[in-house]
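Below is data-v7.cif, which holds mmCIF, C-alpha atoms and all ligand atoms.
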```cif
data_data
#
loop_
_atom_site.label_atom_id
_atom_site.label_comp_id
_atom_site.auth_asym_id
_atom_site.auth_seq_id
_atom_site.Cartn_x
_atom_site.Cartn_y
_atom_site.Cartn_z
CA MET A 124 331.99 105.22 -81.73
CA ARG A 125 328.23 105.35 -81.55
CA LEU A 126 325.82 102.93 -80.00
CA PRO A 127 323.36 101.38 -82.45
CA HIS A 128 319.67 102.13 -81.89
CA PHE A 129 317.93 99.89 -79.34
CA ASP A 130 314.87 99.84 -77.10
CA LEU A 131 315.57 99.87 -73.38
CA HIS A 132 313.26 98.34 -70.79
CA GLN A 133 313.84 98.85 -67.08
CA PRO A 134 311.58 96.44 -65.18
CA SER A 135 311.44 96.56 -61.41
CA THR A 136 310.37 92.95 -60.84
CA LEU A 137 311.83 89.65 -61.98
CA GLU A 138 308.49 88.54 -63.46
CA GLU A 139 308.42 91.63 -65.70
CA ALA A 140 312.04 91.00 -66.69
CA PHE A 141 311.29 87.36 -67.61
CA SER A 142 308.37 88.43 -69.84
CA LEU A 143 310.46 91.11 -71.57
CA MET A 144 313.29 88.62 -72.21
CA GLU A 145 310.90 86.46 -74.24
CA GLY A 146 311.07 88.69 -77.32
CA GLY A 147 314.75 87.94 -78.02
CA ALA A 148 316.14 90.78 -75.86
CA LEU A 149 319.56 90.83 -74.17
CA ALA A 150 320.00 91.33 -70.43
CA LEU A 151 321.88 94.48 -69.44
CA ALA A 152 323.62 94.57 -66.05
CA GLY A 153 326.47 97.07 -65.50
CA GLY A 154 327.11 97.26 -69.25
CA THR A 155 330.92 97.27 -68.92
CA ASP A 156 331.22 94.28 -71.26
CA LEU A 157 328.09 94.62 -73.38
CA ILE A 158 328.20 98.35 -74.21
CA PRO A 159 331.74 98.23 -75.70
CA LEU A 160 330.67 95.20 -77.79
CA MET A 161 327.68 97.20 -79.05
CA LYS A 162 329.88 100.19 -79.85
CA TYR A 163 332.14 97.87 -81.87
CA GLY A 164 329.10 96.55 -83.75
CA LEU A 165 329.71 93.04 -82.40
CA GLU A 166 326.36 92.91 -80.60
CA VAL A 167 323.34 94.61 -82.17
CA PRO A 168 320.40 93.77 -79.93
CA SER A 169 317.15 95.52 -80.83
CA THR A 170 316.06 95.39 -77.17
CA LEU A 171 317.89 95.52 -73.86
CA VAL A 172 316.32 94.55 -70.55
CA SER A 173 318.15 96.37 -67.77
CA LEU A 174 318.18 94.48 -64.48
CA LYS A 175 319.33 97.53 -62.47
CA ARG A 176 315.93 98.20 -60.88
CA VAL A 177 315.29 94.59 -59.87
CA ASP A 178 316.26 95.01 -56.23
CA CYS A 179 315.84 91.35 -55.24
CA LEU A 180 318.90 90.53 -57.37
CA LYS A 181 321.22 92.76 -55.29
CA SER A 182 322.24 90.99 -52.12
CA ILE A 183 324.74 88.73 -50.42
CA ALA A 184 322.88 86.62 -47.86
CA ARG A 185 323.35 83.49 -45.78
CA ARG A 186 320.88 80.85 -46.92
CA ASP A 187 320.48 77.12 -46.09
CA GLY A 188 324.03 76.46 -44.91
CA GLY A 189 325.51 78.54 -47.69
CA VAL A 190 325.71 82.02 -49.13
CA PHE A 191 323.53 83.34 -51.96
CA ILE A 192 324.93 86.13 -54.11
CA GLY A 193 322.38 87.92 -56.29
CA ALA A 194 323.36 88.43 -59.93
CA MET A 195 323.13 92.23 -59.69
CA THR A 196 325.45 92.43 -56.69
CA SER A 197 328.22 94.81 -57.69
CA LEU A 198 331.83 93.70 -57.68
CA ALA A 199 332.50 96.57 -55.24
CA GLU A 200 330.13 94.93 -52.76
CA LEU A 201 331.63 91.50 -53.36
CA ALA A 202 335.14 92.88 -52.93
CA SER A 203 334.30 94.44 -49.58
CA SER A 204 332.09 91.72 -48.13
CA ARG A 205 333.17 90.07 -44.88
CA ILE A 206 331.12 86.92 -45.51
CA ILE A 207 332.98 86.51 -48.78
CA SER A 208 336.48 87.35 -47.50
CA GLU A 209 336.12 85.09 -44.46
CA ASN A 210 334.74 82.07 -46.30
CA PHE A 211 335.63 82.24 -49.97
CA ALA A 212 339.11 83.71 -50.37
CA ALA A 213 339.29 82.61 -54.02
CA LEU A 214 336.16 84.58 -54.92
CA PHE A 215 337.22 87.60 -52.86
CA GLN A 216 340.62 87.68 -54.57
CA ALA A 217 339.07 87.12 -58.01
CA ALA A 218 336.65 90.04 -57.51
CA ARG A 219 339.47 92.33 -56.41
CA SER A 220 341.52 91.35 -59.46
CA VAL A 221 338.85 92.35 -62.02
CA ALA A 222 339.77 95.42 -64.07
CA ALA A 223 340.15 98.32 -61.58
CA PRO A 224 338.11 99.68 -58.63
CA PRO A 225 336.09 102.30 -60.61
CA ILE A 226 334.70 99.45 -62.75
CA TRP A 227 333.73 97.43 -59.63
CA ASN A 228 331.07 100.06 -58.85
CA VAL A 229 329.03 99.25 -61.96
CA ALA A 230 330.15 95.73 -62.94
CA THR A 231 328.04 92.91 -61.53
CA VAL A 232 328.45 89.27 -60.60
CA GLY A 233 325.97 88.05 -63.26
CA GLY A 234 327.55 90.19 -65.97
CA ASN A 235 331.02 89.03 -65.02
CA ILE A 236 330.04 85.38 -65.30
CA CYS A 237 328.11 85.89 -68.56
CA GLN A 238 330.67 88.08 -70.37
CA ASP A 239 331.53 87.00 -73.90
CA SER A 240 334.81 85.27 -74.75
CA ARG A 241 337.55 87.48 -76.16
CA CYS A 242 340.11 87.52 -78.98
CA LEU A 243 342.60 90.09 -80.26
CA TYR A 244 341.12 89.76 -83.76
CA TYR A 245 337.52 90.11 -82.61
CA ASN A 246 337.39 92.74 -79.84
CA GLN A 247 338.20 95.56 -82.23
CA SER A 248 336.33 98.45 -83.80
CA ARG A 249 334.38 97.90 -87.00
CA ALA A 250 336.96 99.99 -88.92
CA TRP A 251 339.82 97.77 -87.66
CA ARG A 252 337.94 94.59 -88.52
CA LEU A 253 337.10 95.80 -92.05
CA GLU A 254 340.77 95.34 -92.99
CA LYS A 255 340.27 91.54 -92.91
CA PRO A 256 337.46 89.17 -93.85
CA ALA A 257 335.03 88.51 -90.99
CA CYS A 258 336.17 85.67 -88.74
CA LEU A 259 334.01 82.77 -87.58
CA LYS A 260 332.84 84.52 -84.42
CA ALA A 261 331.92 87.64 -86.41
CA GLY A 262 329.82 85.54 -88.82
CA GLY A 263 332.49 84.82 -91.46
CA ASN A 264 334.30 81.60 -92.28
CA VAL A 265 337.98 82.12 -91.41
CA CYS A 266 339.93 82.25 -88.19
CA HIS A 267 342.73 84.83 -88.04
CA ALA A 268 344.29 83.34 -84.90
CA VAL A 269 344.64 79.82 -86.33
CA PRO A 270 344.96 79.80 -90.13
CA LYS A 271 342.65 77.10 -91.54
CA GLY A 272 341.14 76.77 -88.06
CA LYS A 273 337.66 75.32 -88.20
CA LYS A 274 336.56 76.43 -84.76
CA CYS A 275 336.80 79.58 -82.70
CA PHE A 276 339.60 79.76 -80.12
CA SER A 277 338.36 82.89 -78.35
CA VAL A 278 339.22 82.98 -74.66
CA TYR A 279 336.78 83.23 -71.77
CA SER A 280 338.41 85.94 -69.65
CA GLY A 281 336.07 86.28 -66.69
CA ASP A 282 337.74 86.21 -63.28
CA LEU A 283 334.82 85.12 -61.10
CA ALA A 284 333.75 81.92 -62.86
CA PRO A 285 336.98 79.91 -62.29
CA ALA A 286 336.89 80.87 -58.59
CA LEU A 287 333.20 80.00 -58.28
CA ALA A 288 333.78 76.68 -60.06
CA ALA A 289 336.66 75.76 -57.73
CA LEU A 290 334.37 76.56 -54.77
CA GLY A 291 331.69 74.24 -56.18
CA ALA A 292 329.15 77.06 -56.61
CA MET A 293 325.80 76.52 -58.28
CA ALA A 294 324.16 79.08 -60.57
CA ARG A 295 320.45 79.81 -60.37
CA VAL A 296 319.06 80.17 -63.89
CA GLU A 297 315.49 81.38 -64.41
CA LYS A 298 313.02 82.28 -67.12
CA LYS A 299 309.26 82.78 -67.34
CA GLY A 300 307.68 79.62 -65.95
CA GLY A 301 310.92 77.75 -65.20
CA SER A 302 314.06 77.67 -63.11
CA ARG A 303 317.06 75.39 -62.74
CA SER A 304 320.20 75.13 -60.70
CA VAL A 305 323.40 74.20 -62.53
CA SER A 306 327.06 74.01 -61.60
CA ILE A 307 329.09 76.99 -62.82
CA LEU A 308 330.91 74.81 -65.35
CA GLU A 309 327.59 73.65 -66.81
CA LEU A 310 326.88 77.24 -67.84
CA PHE A 311 329.65 76.92 -70.43
CA SER A 312 329.44 75.23 -73.83
CA SER A 313 333.20 75.07 -74.67
CA ASN A 314 332.28 76.65 -78.00
CA GLY A 315 334.03 79.99 -78.61
CA LEU A 316 331.28 81.11 -80.99
CA ARG A 317 328.60 80.90 -78.33
CA PRO A 318 330.29 80.23 -74.97
CA PHE A 319 327.15 79.71 -72.84
CA THR A 320 324.53 77.01 -72.55
CA LEU A 321 321.92 79.57 -71.46
CA GLU A 322 318.74 79.74 -73.51
CA LYS A 323 318.10 83.20 -75.02
CA GLU A 324 315.38 84.14 -72.54
CA GLU A 325 317.16 82.79 -69.44
CA ILE A 326 318.64 85.03 -66.77
CA VAL A 327 321.20 84.05 -64.16
CA THR A 328 319.57 85.30 -60.97
CA GLY A 329 322.39 84.42 -58.59
CA VAL A 330 324.94 81.93 -57.36
CA GLU A 331 324.89 79.75 -54.28
CA ILE A 332 328.00 78.49 -52.49
CA ALA A 333 328.01 76.06 -49.57
CA LEU A 334 329.95 77.32 -46.54
CA PRO A 335 333.30 75.52 -46.43
CA ALA A 336 334.54 73.30 -43.59
CA LYS A 337 337.06 74.99 -41.23
CA SER A 338 339.89 72.97 -42.77
CA THR A 339 339.08 74.17 -46.31
CA ASN A 340 340.71 77.19 -47.87
CA SER A 341 340.88 78.62 -51.38
CA SER A 342 342.75 81.10 -53.51
CA TYR A 343 342.82 82.73 -56.95
CA ARG A 344 345.91 83.69 -58.91
CA LYS A 345 346.03 85.63 -62.16
CA MET A 346 348.68 86.63 -64.68
CA ARG A 347 347.94 89.87 -66.53
CA ALA A 348 349.87 92.37 -68.60
CA ARG A 349 349.05 95.43 -66.45
CA PRO A 350 348.40 94.76 -62.76
CA SER A 351 346.44 98.01 -62.47
CA VAL A 352 343.71 97.06 -64.95
CA ASP A 353 343.61 93.97 -67.11
CA TYR A 354 341.93 90.73 -68.07
CA PRO A 355 343.64 87.46 -67.11
CA LEU A 356 346.10 85.93 -69.58
CA VAL A 357 346.11 82.76 -67.44
CA SER A 358 344.44 82.27 -64.08
CA ALA A 359 343.87 79.49 -61.58
CA ALA A 360 341.60 78.93 -58.60
CA ALA A 361 342.27 76.22 -56.03
CA CYS A 362 340.11 74.98 -53.19
CA VAL A 363 341.98 72.73 -50.76
CA THR A 364 340.90 70.72 -47.71
CA ARG A 365 343.69 69.59 -45.36
CA ASP A 366 343.83 67.47 -42.23
CA GLY A 367 345.31 68.60 -38.90
CA GLY A 368 348.81 67.52 -39.98
CA GLY A 369 348.71 69.61 -43.15
CA LYS A 370 348.11 66.67 -45.49
CA ILE A 371 345.83 67.43 -48.39
CA GLU A 372 342.55 65.52 -48.29
CA LYS A 373 340.77 67.08 -51.24
CA MET A 374 341.60 69.62 -53.91
CA ARG A 375 339.72 71.20 -56.77
CA LEU A 376 341.67 73.20 -59.33
CA VAL A 377 340.11 75.28 -62.11
CA LEU A 378 342.00 77.21 -64.80
CA GLY A 379 340.83 80.44 -66.38
CA ALA A 380 341.71 82.14 -69.70
CA VAL A 381 342.87 78.88 -71.25
CA GLY A 382 340.03 78.48 -73.78
CA PRO A 383 336.36 79.35 -74.28
CA SER A 384 335.40 78.11 -70.80
CA PRO A 385 337.02 77.70 -67.38
CA ALA A 386 338.68 74.28 -67.22
CA LEU A 387 338.55 71.86 -64.31
CA VAL A 388 341.86 69.97 -63.99
CA TYR A 389 340.76 66.37 -63.58
CA GLY A 390 343.04 64.28 -61.38
CA ALA A 391 344.78 67.22 -59.69
CA GLY A 392 343.17 66.34 -56.35
CA ARG A 393 344.21 62.69 -56.52
CA LEU A 394 347.80 63.70 -57.20
CA PHE A 395 348.01 65.59 -53.91
CA GLU A 396 345.79 63.39 -51.76
CA GLY A 397 347.48 62.22 -48.54
CA ASN A 398 350.53 64.46 -49.08
CA THR A 399 351.71 67.71 -47.57
CA LEU A 400 352.75 70.41 -50.03
CA GLU A 401 356.41 69.41 -49.57
CA GLU A 402 355.69 65.73 -50.27
CA ALA A 403 353.64 66.39 -53.41
CA ASP A 404 354.98 65.41 -56.84
CA TRP A 405 355.17 68.89 -58.40
CA GLU A 406 356.69 67.60 -61.63
CA ALA A 407 353.71 65.33 -62.23
CA PHE A 408 351.48 68.27 -61.29
CA SER A 409 353.08 70.53 -63.93
CA GLU A 410 352.66 67.86 -66.58
CA LEU A 411 349.04 67.20 -65.69
CA VAL A 412 348.01 70.85 -65.52
CA GLY A 413 349.43 71.82 -68.91
CA LYS A 414 348.50 68.58 -70.69
CA ASP A 415 345.16 69.38 -72.30
CA VAL A 416 345.64 73.09 -72.67
CA ARG A 417 345.82 74.53 -76.20
CA MET A 418 346.57 78.22 -76.32
CA VAL A 419 346.89 80.23 -79.51
CA ASP A 420 348.22 83.68 -80.31
CA ASN A 421 345.02 85.65 -79.79
CA LEU A 422 345.64 87.62 -76.59
CA SER A 423 348.31 90.21 -75.81
CA TYR A 424 350.95 87.58 -74.90
CA PRO A 425 351.92 84.64 -77.15
CA GLY A 426 350.03 81.38 -76.65
CA SER A 427 353.30 79.44 -76.10
CA TYR A 428 354.31 81.73 -73.21
CA ARG A 429 350.85 81.62 -71.67
CA LYS A 430 350.92 77.82 -71.84
CA GLU A 431 354.30 77.73 -70.07
CA MET A 432 352.83 79.89 -67.33
CA VAL A 433 349.81 77.64 -66.70
CA PRO A 434 351.52 75.24 -64.24
CA ILE A 435 353.29 78.15 -62.54
CA ILE A 436 350.10 80.11 -61.90
CA ALA A 437 348.29 76.89 -60.91
CA ALA A 438 351.04 76.00 -58.40
CA ARG A 439 350.83 79.53 -56.93
CA ALA A 440 347.09 79.08 -56.45
CA VAL A 441 347.54 75.71 -54.71
CA ARG A 442 350.31 76.99 -52.42
CA ALA A 443 348.33 80.12 -51.56
CA ALA A 444 345.24 78.03 -50.75
CA CYS A 445 347.39 76.14 -48.23
CA GLY A 446 348.49 79.39 -46.57
CA PRO A 447 346.47 81.40 -44.06
CA GLY A 448 343.40 83.09 -45.59
CA GLY A 449 344.24 82.04 -49.15
CA GLY A 450 347.64 83.77 -49.05
CA GLU A 451 348.20 87.41 -49.87
CA GLU A 452 346.33 88.86 -52.83
CA ASN A 453 347.50 88.59 -56.43
CA ALA A 454 350.98 89.89 -56.99
C1 LIG B 501 338.87 98.27 -69.08
C2 LIG B 501 338.15 96.99 -68.73
C3 LIG B 501 338.85 96.01 -68.06
C4 LIG B 501 338.21 94.81 -67.72
N1 LIG B 501 338.92 93.87 -67.05
C5 LIG B 501 338.30 92.73 -66.65
C6 LIG B 501 339.00 91.76 -65.89
O1 LIG B 501 340.16 91.93 -65.54
N2 LIG B 501 338.35 90.63 -65.54
C7 LIG B 501 337.05 90.41 -65.88
O2 LIG B 501 336.49 89.36 -65.51
N3 LIG B 501 336.37 91.31 -66.61
C8 LIG B 501 336.94 92.47 -67.00
N4 LIG B 501 336.25 93.40 -67.72
C9 LIG B 501 334.90 93.08 -68.23
C10 LIG B 501 333.74 93.56 -67.39
O3 LIG B 501 333.98 94.81 -66.84
C11 LIG B 501 333.42 92.62 -66.24
O4 LIG B 501 333.39 91.30 -66.70
C12 LIG B 501 332.09 92.95 -65.58
O5 LIG B 501 331.97 92.20 -64.39
C13 LIG B 501 330.88 92.65 -66.45
O6 LIG B 501 329.73 92.89 -65.68
P1 LIG B 501 328.59 93.87 -66.16
O7 LIG B 501 327.58 93.89 -65.08
O8 LIG B 501 329.11 95.18 -66.58
O9 LIG B 501 328.04 93.04 -67.42
P2 LIG B 501 327.27 93.54 -68.74
O10 LIG B 501 328.21 94.19 -69.64
O11 LIG B 501 326.03 94.26 -68.38
O12 LIG B 501 326.86 92.10 -69.32
C14 LIG B 501 327.81 91.20 -69.84
C15 LIG B 501 327.08 90.06 -70.56
O13 LIG B 501 326.36 89.27 -69.64
C16 LIG B 501 324.97 89.24 -69.94
N5 LIG B 501 324.31 89.30 -68.64
C17 LIG B 501 324.48 90.25 -67.69
N6 LIG B 501 323.82 89.91 -66.57
C18 LIG B 501 323.22 88.73 -66.83
C19 LIG B 501 322.38 87.87 -66.08
N7 LIG B 501 322.07 88.14 -64.82
N8 LIG B 501 321.94 86.73 -66.66
C20 LIG B 501 322.26 86.42 -67.94
N9 LIG B 501 323.06 87.21 -68.70
C21 LIG B 501 323.52 88.34 -68.15
C22 LIG B 501 324.72 90.44 -70.83
O14 LIG B 501 323.62 90.22 -71.71
C23 LIG B 501 326.05 90.54 -71.57
O15 LIG B 501 326.04 89.64 -72.65
C24 LIG B 501 336.86 94.61 -68.07
C25 LIG B 501 336.16 95.62 -68.74
C26 LIG B 501 336.79 96.80 -69.06
C27 LIG B 501 336.00 97.86 -69.76
S1 LIG B 502 339.77 82.69 -82.44
FE1 LIG B 502 339.49 82.94 -84.64
S2 LIG B 502 337.27 82.78 -85.00
FE2 LIG B 502 337.58 83.07 -82.81
S3 LIG B 502 337.36 85.27 -82.49
FE3 LIG B 502 339.53 84.87 -82.80
S4 LIG B 502 339.89 85.12 -84.99
FE4 LIG B 502 337.69 84.95 -84.66
#
```
Please express what this file holds, its structure, as structure tokens.
Amino acid sequence: MRLPHFDLHQPSTLEEAFSLMEGGALALAGGTDLIPLMKYGLEVPSTLVSLKRVDCLKSIARRDGGVFIGAMTSLAELASSRIISENFAALFQAARSVAAPPIWNVATVGGNICQDSRCLYYNQSRAWRLEKPACLKAGGNVCHAVPKGKKCFSVYSGDLAPALAALGAMARVEKKGGSRSVSILELFSSNGLRPFTLEKEEIVTGVEIALPAKSTNSSYRKMRARPSVDYPLVSAAACVTRDGGGKIEKMRLVLGAVGPSPALVYGAGRLFEGNTLEEADWEAFSELVGKDVRMVDNLSYPGSYRKEMVPIIAARAVRAACGPGGGEENA
């Protein structure tokens, strides 16, 4: 499979990168998501702006009572960082669950967050896709996953975003002459055709997470077909604050791989508030967690099975967040 022709720019400053992005270019980070999409003919940008030489985007640093992670920080760095492992177990575990270690060396935080949503009928070679009419996401007007479906059910399969959302992280989004700070969930549109709210010329320059209180802990759990290297089929990140007696004071639960964006489970915190893990109403929890989730047959496991696993993976994340250090890593 050949890459289509494109122009490559390699700026060394952010200002240069912002100017180059203005002509309708795509940002290139590690390329582990974008290059396969280009080889499949699913992305055909005429210009790529590589962020590899923009050194100010590569750092993990304490800043204003929190930690700032530059967008070009590699997953290898994230997965070996003490600041991250000691404060943000969910993010540490999520980073270590992405693909496999060789990919961590090139894959970046910004690219992981901004990766496109996926579907068994879409992430295929051009030759494979020619057997069927183009689906909605590929510019056609049918959906192969849901016959007569009028919208795209592709699945956002990034591991970092659910963890970052559970931790209450903010993304720094910048372009020439403007910048804004938005919550991780605000980066997502819930539209499988175009999963992000980013404007074409905007770049995510980093994420900021407030340092947690001592009584707060988090964890990330992921179900995947091959533990050695695979995208999530369902995932969950929990961030839990408990009092000295082990009663839960606050909880934030975010699901991953359940639709075109990570999904915050509204009401999960209230359900646990004032209870220890043993006192919690786990039946009500299972009902609440699976309630609004619609999963279709467009990943390697059936949607019905993945839906059944949602409360199980979510419960594992909550229990692990109540254990020391976010529990052991993903089984
Ligand atoms: C075999 C294999 C297994 C994988 N398994 C997983 C997995 O388990 N979990 C997982 O999460 N991912 C997985 N991936 C996908 C991918 O490797 C990771 O998501 C990786 O972190 C993407 O980062 P990157 O730097 O390579 O992004 P790129 O491919 O460079 O970019 C991805 C997208 O983000 C945009 N982008 C990049 N940086 C920015 C920025 N700073 N601002 C705005 N837009 C930006 C690009 O334009 C592109 O659209 C897998 C990939 C492979 C090949
Ligand atoms: S869910 Fe339907 S429209 Fe979306 S990528 Fe898959 S087949 Fe295409």
* Which of A:Lys255, A:Lys274, A:His128, A:Arg349 sits closest to ligand LIG 501 (chain B) [using all atoms listed in the file] ->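 Ranked by minimum distance to ligand LIG 501 (chain B), first place goes to A:Arg349.
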Show which residues sit within 9 Å of Thr364 of chain A, as a tab-separated table (two decimals) with C-alpha atoms, in the frame of the given file. Count only C-alpha atoms, and ignore same-chain residues fewer than 2 positions away.
```tsv
chain	number	residue	atom	x	y	z
A	336	ALA	CA	334.54	73.30	-43.59
A	337	LYS	CA	337.06	74.99	-41.23
A	338	SER	CA	339.89	72.97	-42.77
A	339	THR	CA	339.08	74.17	-46.31
A	340	ASN	CA	340.71	77.19	-47.87
A	341	SER	CA	340.88	78.62	-51.38
A	362	CYS	CA	340.11	74.98	-53.19
A	366	ASP	CA	343.83	67.47	-42.23
A	370	LYS	CA	348.11	66.67	-45.49
A	371	ILE	CA	345.83	67.43	-48.39
A	372	GLU	CA	342.55	65.52	-48.29
A	373	LYS	CA	340.77	67.08	-51.24
A	374	MET	CA	341.60	69.62	-53.91
A	445	CYS	CA	347.39	76.14	-48.23
```
* Counting all atoms listed in the file, which protein, DNA or RNA residues come within 6 Å of ligand LIG 501 (chain B), given as a VMD selection string? -> chain A and resid 149 to 157 194 221 to 222 230 to 235 237 to 238 280 to 282 326 to 328 352 to 355
* Can you tell me which residues come within 12 Å of ligand LIG 502 (chain B) when counting all atoms listed in the file, ideally as an MDAnalysis selection string? => chainID A and resid 165 239:247 252 255:279 314:318 382:383 417:422 426
Please, which residues in segment 377-401 of chain A fall within 10 Å of segment 305-311 of chain A when counting only C-alpha atoms, and what is the closest atom pair and distance in Å to one decimal for each, ordered by chain then residue number, as a Markdown table?
```
| residue | atom | partner | partner_atom | distance |
| --- | --- | --- | --- | --- |
| A:Val377 | CA | A:Leu308 | CA | 9.8 |
| A:Pro383 | CA | A:Phe311 | CA | 8.1 |
| A:Ser384 | CA | A:Phe311 | CA | 5.9 |
| A:Pro385 | CA | A:Leu308 | CA | 7.1 |
| A:Ala386 | CA | A:Leu308 | CA | 8.0 |
| A:Leu387 | CA | A:Leu308 | CA | 8.3 |
```
Please write the residues from the selection above to a file, keeping C-alpha atoms, as a PDB file, keeping the file's coordinate frame.
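Below is the file that was written, selection-v3.pdb:
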```pdb
ATOM      1  CA  VAL A 377     340.110  75.280 -62.110  1.00  0.00           C
ATOM      2  CA  PRO A 383     336.360  79.350 -74.280  1.00  0.00           C
ATOM      3  CA  SER A 384     335.400  78.110 -70.800  1.00  0.00           C
ATOM      4  CA  PRO A 385     337.020  77.700 -67.380  1.00  0.00           C
ATOM      5  CA  ALA A 386     338.680  74.280 -67.220  1.00  0.00           C
ATOM      6  CA  LEU A 387     338.550  71.860 -64.310  1.00  0.00           C
TER       7      LEU A 387
END
```
* Quick one: distance from atom CA of Leu214 of chain A to atom CA of Ser182 of chain A in Å, one decimal? ->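 Computing the Euclidean distance for atom CA of Leu214 of chain A and atom CA of Ser182 of chain A yields 15.6 Å.
Each of A:Lys414, A:Arg375, A:Lys181, A:Lys430 was checked against Ala360 of chain A using only C-alpha atoms; the smallest atom-to-atom distance is that of A:Arg375.
Pairwise distance (atom CA of Arg205 of chain A, atom CA of Pro335 of chain A) equals 14.6 Å.
In this structure, atom CA of Ala213 of chain A sits 15.4 Å away from atom CA of Glu200 of chain A.
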* Among the residues A:Leu376, A:Phe129, A:Val433, A:Ala294, the one that comes closest to Glu331 of chain A [using only C-alpha atoms] -> A:Ala294
* Proximity to Gly146 of chain A - best of A:Arg442, A:His132, A:Arg185, A:Arg249, all atoms listed in the file -> A:His132
Only N, CA and C atoms, please: segment 281-298 of chain A from the block, as a PDB file, in the first residue's frame.
```pdb
ATOM      1  N   GLY A 281      -9.507   5.603  21.555  1.00  0.00           N
ATOM      2  CA  GLY A 281      -8.316   6.105  22.246  1.00  0.00           C
ATOM      3  C   GLY A 281      -8.352   5.709  23.718  1.00  0.00           C
ATOM      4  N   ASP A 282      -7.177   5.374  24.261  1.00  0.00           N
ATOM      5  CA  ASP A 282      -7.130   4.974  25.676  1.00  0.00           C
ATOM      6  C   ASP A 282      -6.933   6.166  26.619  1.00  0.00           C
ATOM      7  N   LEU A 283      -6.207   7.189  26.149  1.00  0.00           N
ATOM      8  CA  LEU A 283      -5.882   8.269  27.102  1.00  0.00           C
ATOM      9  C   LEU A 283      -7.075   9.161  27.434  1.00  0.00           C
ATOM     10  N   ALA A 284      -7.914   9.463  26.446  1.00  0.00           N
ATOM     11  CA  ALA A 284      -8.975  10.464  26.680  1.00  0.00           C
ATOM     12  C   ALA A 284      -9.940  10.087  27.811  1.00  0.00           C
ATOM     13  N   PRO A 285     -10.413   8.819  27.909  1.00  0.00           N
ATOM     14  CA  PRO A 285     -11.307   8.511  29.037  1.00  0.00           C
ATOM     15  C   PRO A 285     -10.610   8.732  30.389  1.00  0.00           C
ATOM     16  N   ALA A 286      -9.320   8.346  30.455  1.00  0.00           N
ATOM     17  CA  ALA A 286      -8.585   8.524  31.717  1.00  0.00           C
ATOM     18  C   ALA A 286      -8.434  10.014  32.030  1.00  0.00           C
ATOM     19  N   LEU A 287      -8.057  10.792  31.015  1.00  0.00           N
ATOM     20  CA  LEU A 287      -7.895  12.232  31.224  1.00  0.00           C
ATOM     21  C   LEU A 287      -9.223  12.871  31.636  1.00  0.00           C
ATOM     22  N   ALA A 288     -10.310  12.421  31.019  1.00  0.00           N
ATOM     23  CA  ALA A 288     -11.630  12.997  31.349  1.00  0.00           C
ATOM     24  C   ALA A 288     -12.014  12.661  32.789  1.00  0.00           C
ATOM     25  N   ALA A 289     -11.740  11.430  33.223  1.00  0.00           N
ATOM     26  CA  ALA A 289     -12.065  11.054  34.610  1.00  0.00           C
ATOM     27  C   ALA A 289     -11.242  11.881  35.591  1.00  0.00           C
ATOM     28  N   LEU A 290     -10.025  12.243  35.182  1.00  0.00           N
ATOM     29  CA  LEU A 290      -9.144  13.036  36.059  1.00  0.00           C
ATOM     30  C   LEU A 290      -9.461  14.529  35.997  1.00  0.00           C
ATOM     31  N   GLY A 291     -10.429  14.899  35.166  1.00  0.00           N
ATOM     32  CA  GLY A 291     -10.824  16.307  35.060  1.00  0.00           C
ATOM     33  C   GLY A 291      -9.800  17.159  34.327  1.00  0.00           C
ATOM     34  N   ALA A 292      -9.040  16.563  33.403  1.00  0.00           N
ATOM     35  CA  ALA A 292      -8.000  17.306  32.686  1.00  0.00           C
ATOM     36  C   ALA A 292      -8.596  18.319  31.717  1.00  0.00           C
ATOM     37  N   MET A 293      -7.814  19.353  31.461  1.00  0.00           N
ATOM     38  CA  MET A 293      -8.201  20.372  30.486  1.00  0.00           C
ATOM     39  C   MET A 293      -7.223  20.305  29.311  1.00  0.00           C
ATOM     40  N   ALA A 294      -7.735  20.486  28.111  1.00  0.00           N
ATOM     41  CA  ALA A 294      -6.856  20.497  26.929  1.00  0.00           C
ATOM     42  C   ALA A 294      -6.582  21.932  26.528  1.00  0.00           C
ATOM     43  N   ARG A 295      -5.337  22.193  26.153  1.00  0.00           N
ATOM     44  CA  ARG A 295      -4.961  23.512  25.642  1.00  0.00           C
ATOM     45  C   ARG A 295      -5.045  23.429  24.121  1.00  0.00           C
ATOM     46  N   VAL A 296      -5.877  24.280  23.532  1.00  0.00           N
ATOM     47  CA  VAL A 296      -6.077  24.254  22.082  1.00  0.00           C
ATOM     48  C   VAL A 296      -5.641  25.609  21.524  1.00  0.00           C
ATOM     49  N   GLU A 297      -4.760  25.581  20.514  1.00  0.00           N
ATOM     50  CA  GLU A 297      -4.232  26.867  20.023  1.00  0.00           C
ATOM     51  C   GLU A 297      -4.240  26.926  18.498  1.00  0.00           C
ATOM     52  N   LYS A 298      -4.301  28.166  18.014  1.00  0.00           N
ATOM     53  CA  LYS A 298      -4.136  28.419  16.573  1.00  0.00           C
ATOM     54  C   LYS A 298      -3.514  29.800  16.442  1.00  0.00           C
TER      55      LYS A 298
END
```
